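A.B. asks: Sending over start.tsv (TSV, C-alpha atoms).
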chain	number	residue	atom	x	y	z
R	1	ASP	CA	90.88	13.30	107.00
R	2	ALA	CA	91.87	10.04	105.41
R	3	GLY	CA	89.46	8.68	102.86
R	4	VAL	CA	88.66	5.06	102.23
R	5	THR	CA	91.89	3.10	101.97
R	6	GLN	CA	92.28	-0.24	100.25
R	7	SER	CA	95.12	-2.69	100.03
R	8	PRO	CA	96.77	-3.97	97.99
R	9	THR	CA	96.37	-1.66	94.99
R	10	HIS	CA	97.26	-4.33	92.48
R	11	LEU	CA	97.33	-8.10	92.69
R	12	ILE	CA	98.01	-10.95	90.29
R	13	LYS	CA	96.73	-14.40	91.17
R	14	THR	CA	96.50	-17.76	89.46
R	15	ARG	CA	93.24	-19.57	88.78
R	16	GLY	CA	92.16	-21.64	91.75
R	17	GLN	CA	93.95	-19.51	94.32
R	18	HIS	CA	92.23	-17.41	96.92
R	19	VAL	CA	92.62	-13.71	97.65
R	20	THR	CA	91.95	-11.36	100.55
R	21	LEU	CA	91.33	-7.69	99.93
R	22	ARG	CA	91.30	-5.12	102.72
R	23	CYS	CA	89.47	-1.88	103.32
R	24	SER	CA	89.53	0.82	105.98
R	25	PRO	CA	86.51	3.14	105.95
R	26	ILE	CA	86.43	6.87	106.43
R	27	SER	CA	86.74	7.71	110.10
R	28	GLY	CA	83.32	7.65	111.74
R	29	HIS	CA	81.71	5.55	109.03
R	30	LYS	CA	80.27	2.28	110.26
R	31	SER	CA	79.07	0.89	106.94
R	32	VAL	CA	81.31	-0.72	104.35
R	33	SER	CA	80.23	-1.94	100.94
R	34	TRP	CA	82.13	-3.90	98.34
R	35	TYR	CA	81.67	-3.56	94.59
R	36	GLN	CA	83.17	-5.35	91.62
R	37	GLN	CA	83.82	-3.34	88.47
R	38	VAL	CA	84.64	-5.20	85.30
R	39	LEU	CA	86.31	-3.13	82.59
R	40	GLY	CA	83.79	-1.06	80.68
R	41	GLN	CA	80.95	-1.66	83.14
R	42	GLY	CA	79.53	0.06	86.17
R	43	PRO	CA	80.31	-1.21	89.66
R	44	GLN	CA	78.27	-4.22	90.78
R	45	PHE	CA	77.27	-4.59	94.42
R	46	ILE	CA	78.78	-7.54	96.27
R	47	PHE	CA	78.26	-6.98	100.01
R	48	GLN	CA	77.35	-4.41	102.58
R	49	TYR	CA	78.26	-4.59	106.25
R	50	TYR	CA	77.08	-2.39	109.05
R	51	GLU	CA	78.19	-2.75	112.64
R	52	LYS	CA	79.85	-6.05	111.75
R	53	GLU	CA	76.64	-7.56	110.39
R	54	GLU	CA	75.92	-8.38	106.77
R	55	ARG	CA	73.15	-6.10	105.56
R	56	GLY	CA	73.06	-7.14	101.94
R	57	ARG	CA	74.53	-9.47	99.40
R	58	GLY	CA	74.59	-9.13	95.65
R	59	ASN	CA	74.28	-11.84	93.05
R	60	PHE	CA	77.70	-13.38	93.55
R	61	PRO	CA	78.62	-17.03	94.20
R	62	ASP	CA	79.50	-18.38	97.62
R	63	ARG	CA	83.17	-18.18	96.67
R	64	PHE	CA	82.84	-14.54	97.68
R	65	SER	CA	82.71	-13.78	101.39
R	66	ALA	CA	83.43	-10.81	103.59
R	67	ARG	CA	83.55	-9.69	107.15
R	68	GLN	CA	83.78	-6.48	109.15
R	69	PHE	CA	85.94	-6.01	112.20
R	70	PRO	CA	85.26	-4.09	115.45
R	71	ASN	CA	87.21	-1.12	114.09
R	72	TYR	CA	84.86	-1.17	111.05
R	73	SER	CA	87.57	-2.22	108.62
R	74	SER	CA	86.61	-5.02	106.28
R	75	GLU	CA	88.01	-7.91	104.28
R	76	LEU	CA	86.70	-9.39	101.06
R	77	ASN	CA	87.71	-12.98	100.38
R	78	VAL	CA	87.41	-14.77	97.08
R	79	ASN	CA	88.13	-18.49	96.85
R	80	ALA	CA	88.83	-20.69	93.84
R	81	LEU	CA	89.59	-17.72	91.61
R	82	LEU	CA	88.36	-17.75	88.03
R	83	LEU	CA	89.60	-15.70	85.11
R	84	GLY	CA	86.28	-13.86	85.21
R	85	ASP	CA	87.06	-12.56	88.69
R	86	SER	CA	89.59	-10.19	87.14
R	87	ALA	CA	88.25	-6.76	87.94
R	88	LEU	CA	88.63	-3.61	90.01
R	89	TYR	CA	87.30	-4.24	93.51
R	90	LEU	CA	86.01	-1.11	95.15
R	91	CYS	CA	85.26	-0.49	98.78
R	92	ALA	CA	82.88	2.26	99.82
R	93	SER	CA	82.00	3.57	103.24
R	94	SER	CA	79.03	5.58	104.37
R	95	LEU	CA	76.91	6.71	107.24
R	96	LEU	CA	74.09	4.22	106.67
R	97	GLY	CA	71.18	5.70	104.80
R	98	THR	CA	72.97	8.63	103.22
R	99	ALA	CA	73.18	9.03	99.48
R	100	ILE	CA	76.86	9.81	99.45
R	101	GLU	CA	79.49	7.13	99.61
R	102	GLY	CA	83.21	7.60	99.53
R	103	PHE	CA	85.02	5.05	97.43
R	104	GLY	CA	88.52	3.78	97.87
R	105	GLN	CA	90.93	3.70	94.94
R	106	GLY	CA	90.25	0.02	94.52
R	107	THR	CA	92.25	-3.15	94.18
R	108	ARG	CA	92.99	-4.21	90.64
R	109	LEU	CA	92.86	-8.02	90.64
R	110	THR	CA	94.17	-9.92	87.67
R	111	VAL	CA	93.63	-13.67	87.53
R	112	VAL	CA	95.86	-15.56	85.10
A	1	GLY	CA	64.37	-5.49	89.25
A	2	GLN	CA	66.31	-2.33	88.70
A	3	SER	CA	68.02	-1.10	85.55
A	4	LEU	CA	69.53	2.14	84.34
A	5	GLU	CA	70.28	3.17	80.79
A	6	GLN	CA	72.70	5.82	79.66
A	7	PRO	CA	74.54	6.44	76.39
A	8	SER	CA	77.81	4.57	76.08
A	9	GLU	CA	79.84	7.44	74.71
A	10	VAL	CA	79.60	11.20	74.19
A	11	THR	CA	82.09	13.51	72.50
A	12	ALA	CA	82.17	17.29	72.95
A	13	VAL	CA	84.47	20.24	72.38
A	14	GLU	CA	86.35	22.07	75.10
A	15	GLY	CA	84.31	25.00	76.38
A	16	ALA	CA	81.00	23.52	75.22
A	17	ILE	CA	78.06	22.12	77.20
A	18	VAL	CA	77.17	18.44	77.26
A	19	GLN	CA	74.20	16.58	78.68
A	20	ILE	CA	74.35	12.93	79.75
A	21	ASN	CA	70.96	11.29	80.09
A	22	CYS	CA	69.89	8.47	82.36
A	23	THR	CA	66.62	6.59	82.43
A	24	TYR	CA	65.85	4.13	85.16
A	25	GLN	CA	63.44	1.36	86.06
A	26	THR	CA	63.28	0.51	89.73
A	27	SER	CA	60.85	-1.19	92.05
A	28	GLY	CA	61.40	1.64	94.51
A	29	PHE	CA	63.22	4.94	94.34
A	30	TYR	CA	65.40	6.86	96.72
A	31	GLY	CA	67.15	9.39	94.54
A	32	LEU	CA	69.53	9.53	91.60
A	33	SER	CA	73.25	10.01	92.04
A	34	TRP	CA	76.00	10.81	89.59
A	35	TYR	CA	79.61	9.71	89.81
A	36	GLN	CA	82.69	10.57	87.80
A	37	GLN	CA	85.47	8.06	87.24
A	38	HIS	CA	88.75	8.75	85.51
A	39	ASP	CA	90.61	5.83	83.97
A	40	GLY	CA	92.29	3.84	86.72
A	41	GLY	CA	90.62	5.86	89.44
A	42	ALA	CA	87.80	5.48	91.91
A	43	PRO	CA	84.29	6.79	91.35
A	44	THR	CA	83.86	10.21	92.92
A	45	PHE	CA	80.49	11.62	93.89
A	46	LEU	CA	79.24	14.53	91.79
A	47	SER	CA	75.60	15.15	92.51
A	48	TYR	CA	72.41	13.78	94.04
A	49	ASN	CA	68.75	14.45	93.25
A	50	GLY	CA	66.18	13.23	95.75
A	51	LEU	CA	63.40	15.46	94.48
A	52	ASP	CA	62.36	16.69	91.04
A	53	GLY	CA	64.25	19.63	89.67
A	54	LEU	CA	67.70	20.95	89.08
A	55	GLU	CA	70.66	20.79	91.43
A	56	GLU	CA	73.65	22.97	90.61
A	57	THR	CA	77.20	22.50	91.82
A	58	GLY	CA	79.64	24.75	90.04
A	59	ARG	CA	80.00	23.73	86.40
A	60	PHE	CA	77.94	20.59	87.01
A	61	SER	CA	74.16	20.42	87.26
A	62	SER	CA	71.86	17.44	87.60
A	63	PHE	CA	68.17	17.18	86.88
A	64	LEU	CA	65.54	14.67	87.92
A	65	SER	CA	61.99	13.97	86.80
A	66	ARG	CA	60.54	11.17	88.89
A	67	SER	CA	57.35	11.00	86.83
A	68	ASP	CA	59.45	10.29	83.73
A	69	SER	CA	62.01	8.09	85.54
A	70	TYR	CA	64.61	10.29	83.93
A	71	GLY	CA	67.55	12.39	84.90
A	72	TYR	CA	70.51	14.07	83.34
A	73	LEU	CA	73.91	15.45	84.19
A	74	LEU	CA	74.84	18.75	82.59
A	75	LEU	CA	78.47	19.75	82.31
A	76	GLN	CA	79.21	23.35	81.31
A	77	GLU	CA	82.40	25.05	80.17
A	78	LEU	CA	83.92	21.68	79.40
A	79	GLN	CA	87.57	21.21	80.22
A	80	MET	CA	89.95	18.53	79.02
A	81	LYS	CA	90.07	17.12	82.55
A	82	ASP	CA	86.35	16.35	82.30
A	83	SER	CA	87.19	13.46	79.99
A	84	ALA	CA	86.10	10.51	82.11
A	85	SER	CA	83.30	8.01	82.58
A	86	TYR	CA	80.11	9.19	84.21
A	87	PHE	CA	77.72	6.85	85.99
A	88	CYS	CA	74.21	7.38	87.18
A	89	ALA	CA	73.15	5.29	90.16
A	90	VAL	CA	70.05	4.65	92.21
A	91	ARG	CA	69.59	3.30	95.68
A	92	ASP	CA	66.70	0.89	96.23
A	93	PRO	CA	64.93	1.77	99.50
A	94	MET	CA	63.23	-1.64	99.50
A	95	ASP	CA	66.59	-3.25	100.15
A	96	SER	CA	67.92	-2.95	103.69
A	97	SER	CA	71.45	-2.76	102.34
A	98	TYR	CA	70.76	0.50	100.48
A	99	LYS	CA	73.06	-0.78	97.77
A	100	LEU	CA	73.85	1.45	94.82
A	101	ILE	CA	72.82	0.18	91.39
A	102	PHE	CA	74.93	1.73	88.67
A	103	GLY	CA	74.33	2.28	85.00
A	104	SER	CA	76.95	0.99	82.61
A	105	GLY	CA	78.49	4.42	82.30
A	106	THR	CA	78.93	7.12	79.68
A	107	ARG	CA	82.42	7.76	78.45
A	108	LEU	CA	82.89	11.47	77.79
A	109	LEU	CA	85.66	12.54	75.46
A	110	VAL	CA	86.46	16.26	75.43
A	111	ARG	CA	88.29	17.40	72.30
A	112	PRO	CA	90.39	20.57	72.01
In structure tokens, write the structure found in this file.

C.D. replies:
Amino acid sequence: DAGVTQSPTHLIKTRGQHVTLRCSPISGHKSVSWYQQVLGQGPQFIFQYYEKEERGRGNFPDRFSARQFPNYSSELNVNALLLGDSALYLCASSLLGTAIEGFGQGTRLTVV
Amino acid sequence: GQSLEQPSEVTAVEGAIVQINCTYQTSGFYGLSWYQQHDGGAPTFLSYNGLDGLEETGRFSSFLSRSDSYGYLLLQELQMKDSASYFCAVRDPMDSSYKLIFGSGTRLLVRP
């Protein structure tokens, strides 16, 4: 069984640009969550989607947005990139309400 | 609010036993999870404690005391490959998103 897959694996962007990150959940999982992990810190919750509806949003500015598609895949969009957005962006999928989440390998975003 | 505290770094010798502690403050509680993350990799699930007591999975064990808001991860027969960052995480049941809140991580260095 394929795990959570994310693309691209690495990305370099310039300040002010926008970026779209993609995630495909584990087969059968209907919930997708996005986390940002800055070097040396634990992952920070950004969004959760379940059945295409936003279920939760972390303390991130409106420059961050996401959506979930009918096949349960998801996109995370970040506009007007700042240097501080440089981080590992992790996608996790789960059967809603379970304690276990499978994480993707992440997208390493570098903003220069 | 929710917060978790864990030591930033622990060093141990190959073959030894190491304990990584985690204390938490949450407005609600729905179990304590542990994740392992190697440099450049994704967090992988290790263990979950929903009730007080010890959970054992091979060389790894995890303990929870809800009355003390405290848990620990115990790694036995340490191997070099155990060198990684370890995160404790809680899920707030008061939040419909069931987001995971992570500690800042403990970096474990296993020496020969």

A.B. asks: Need to verify the contact set: Ala84 of chain A, 8 Å, all atoms listed in the file, exclusion of same-chain residues closer than 4 positions in sequence. Can you return it as a PyMOL selection string?

C.D. replies: chain A and resi 36-39+107-109

A.B. asks: Which one is closest to Asp62 of chain R: R:Pro25, R:Leu88, R:Val111, R:Asn77? Count only C-alpha atoms.

C.D. replies: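 When distances to Asp62 of chain R are compared using only C-alpha atoms, the smallest one comes from R:Asn77.
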
A.B. asks: Pull out every residue of chain R that has at least one atom within 7 Å of chain A, counting all atoms listed in the file, and report them as a CSV table (one decimal) with C-alpha atoms, keeping the file's coordinate frame.

C.D. replies:
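Written file, selection_23.csv:
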chain,number,residue,atom,x,y,z
R,41,GLN,CA,81.0,-1.7,83.1
R,42,GLY,CA,79.5,0.1,86.2
R,43,PRO,CA,80.3,-1.2,89.7
R,45,PHE,CA,77.3,-4.6,94.4
R,48,GLN,CA,77.4,-4.4,102.6
R,55,ARG,CA,73.2,-6.1,105.6
R,56,GLY,CA,73.1,-7.1,101.9
R,97,GLY,CA,71.2,5.7,104.8
R,100,ILE,CA,76.9,9.8,99.4
R,103,PHE,CA,85.0,5.0,97.4
R,104,GLY,CA,88.5,3.8,97.9
R,105,GLN,CA,90.9,3.7,94.9
R,106,GLY,CA,90.2,0.0,94.5

A.B. asks: Take the point (90.5, 18.9, 81.5) as written in the file and pick out every residue within 12 Å of it, counting all atoms listed in the file; give the list as a PyMOL selection string.

C.D. replies: chain A and resi 13-15+38+77-84+108-112

A.B. asks: Please report the interatomic distance between atom CA of Leu90 of chain R and atom CA of Phe64 of chain R in Å with one decimal.

C.D. replies: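 Separating atom CA of Leu90 of chain R from atom CA of Phe64 of chain R is a distance of 14.0 Å.
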
A.B. asks: List as a CSV table (one decimal) with C-alpha atoms, keeping the file's coordinate frame the protein and nucleic acid residues near Asn21 of chain A, meaning an atom at most 7 Å away when all atoms listed in the file are counted, but skip any in the same chain fewer than 2 places from it.

C.D. replies:
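Now in selection24.csv:
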chain,number,residue,atom,x,y,z
A,6,GLN,CA,72.7,5.8,79.7
A,19,GLN,CA,74.2,16.6,78.7
A,23,THR,CA,66.6,6.6,82.4
A,71,GLY,CA,67.6,12.4,84.9
A,72,TYR,CA,70.5,14.1,83.3
A,73,LEU,CA,73.9,15.4,84.2

A.B. asks: Show me, as a list in words, the residues that have an atom within 10 Å of Leu82 of chain R when counting all atoms listed in the file, minus same-chain residues fewer than 5 positions from it.

C.D. replies: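 Near Leu82 of chain R, the qualifying residues are Lys13, Thr14, Arg15, Gly16, Gln17, His18, Thr110, Val111 and Val112 of chain R.
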
A.B. asks: Suppose you want the space between atom CA of Asn79 of chain R and atom CA of Gln44 of chain R; what is it in Å?

C.D. replies: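 For atom CA of Asn79 of chain R relative to atom CA of Gln44 of chain R, the distance reads 18.4 Å.
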
A.B. asks: Compare R:Arg63, R:Ser74, R:Pro8, R:Leu39 by their minimum atom-to-atom distance to Glu51 of chain R, counting all atoms listed in the file, and give me the closest one.

C.D. replies: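 Going through R:Arg63, R:Ser74, R:Pro8, R:Leu39 one by one, the smallest distance to Glu51 of chain R is for R:Ser74.
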
A.B. asks: For the atom pair atom CA of Leu81 of chain R and atom CA of Gly3 of chain R, what is the interatomic distance in Å to one decimal place?

C.D. replies: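 Going from atom CA of Leu81 of chain R over to atom CA of Gly3 of chain R covers 28.7 Å.
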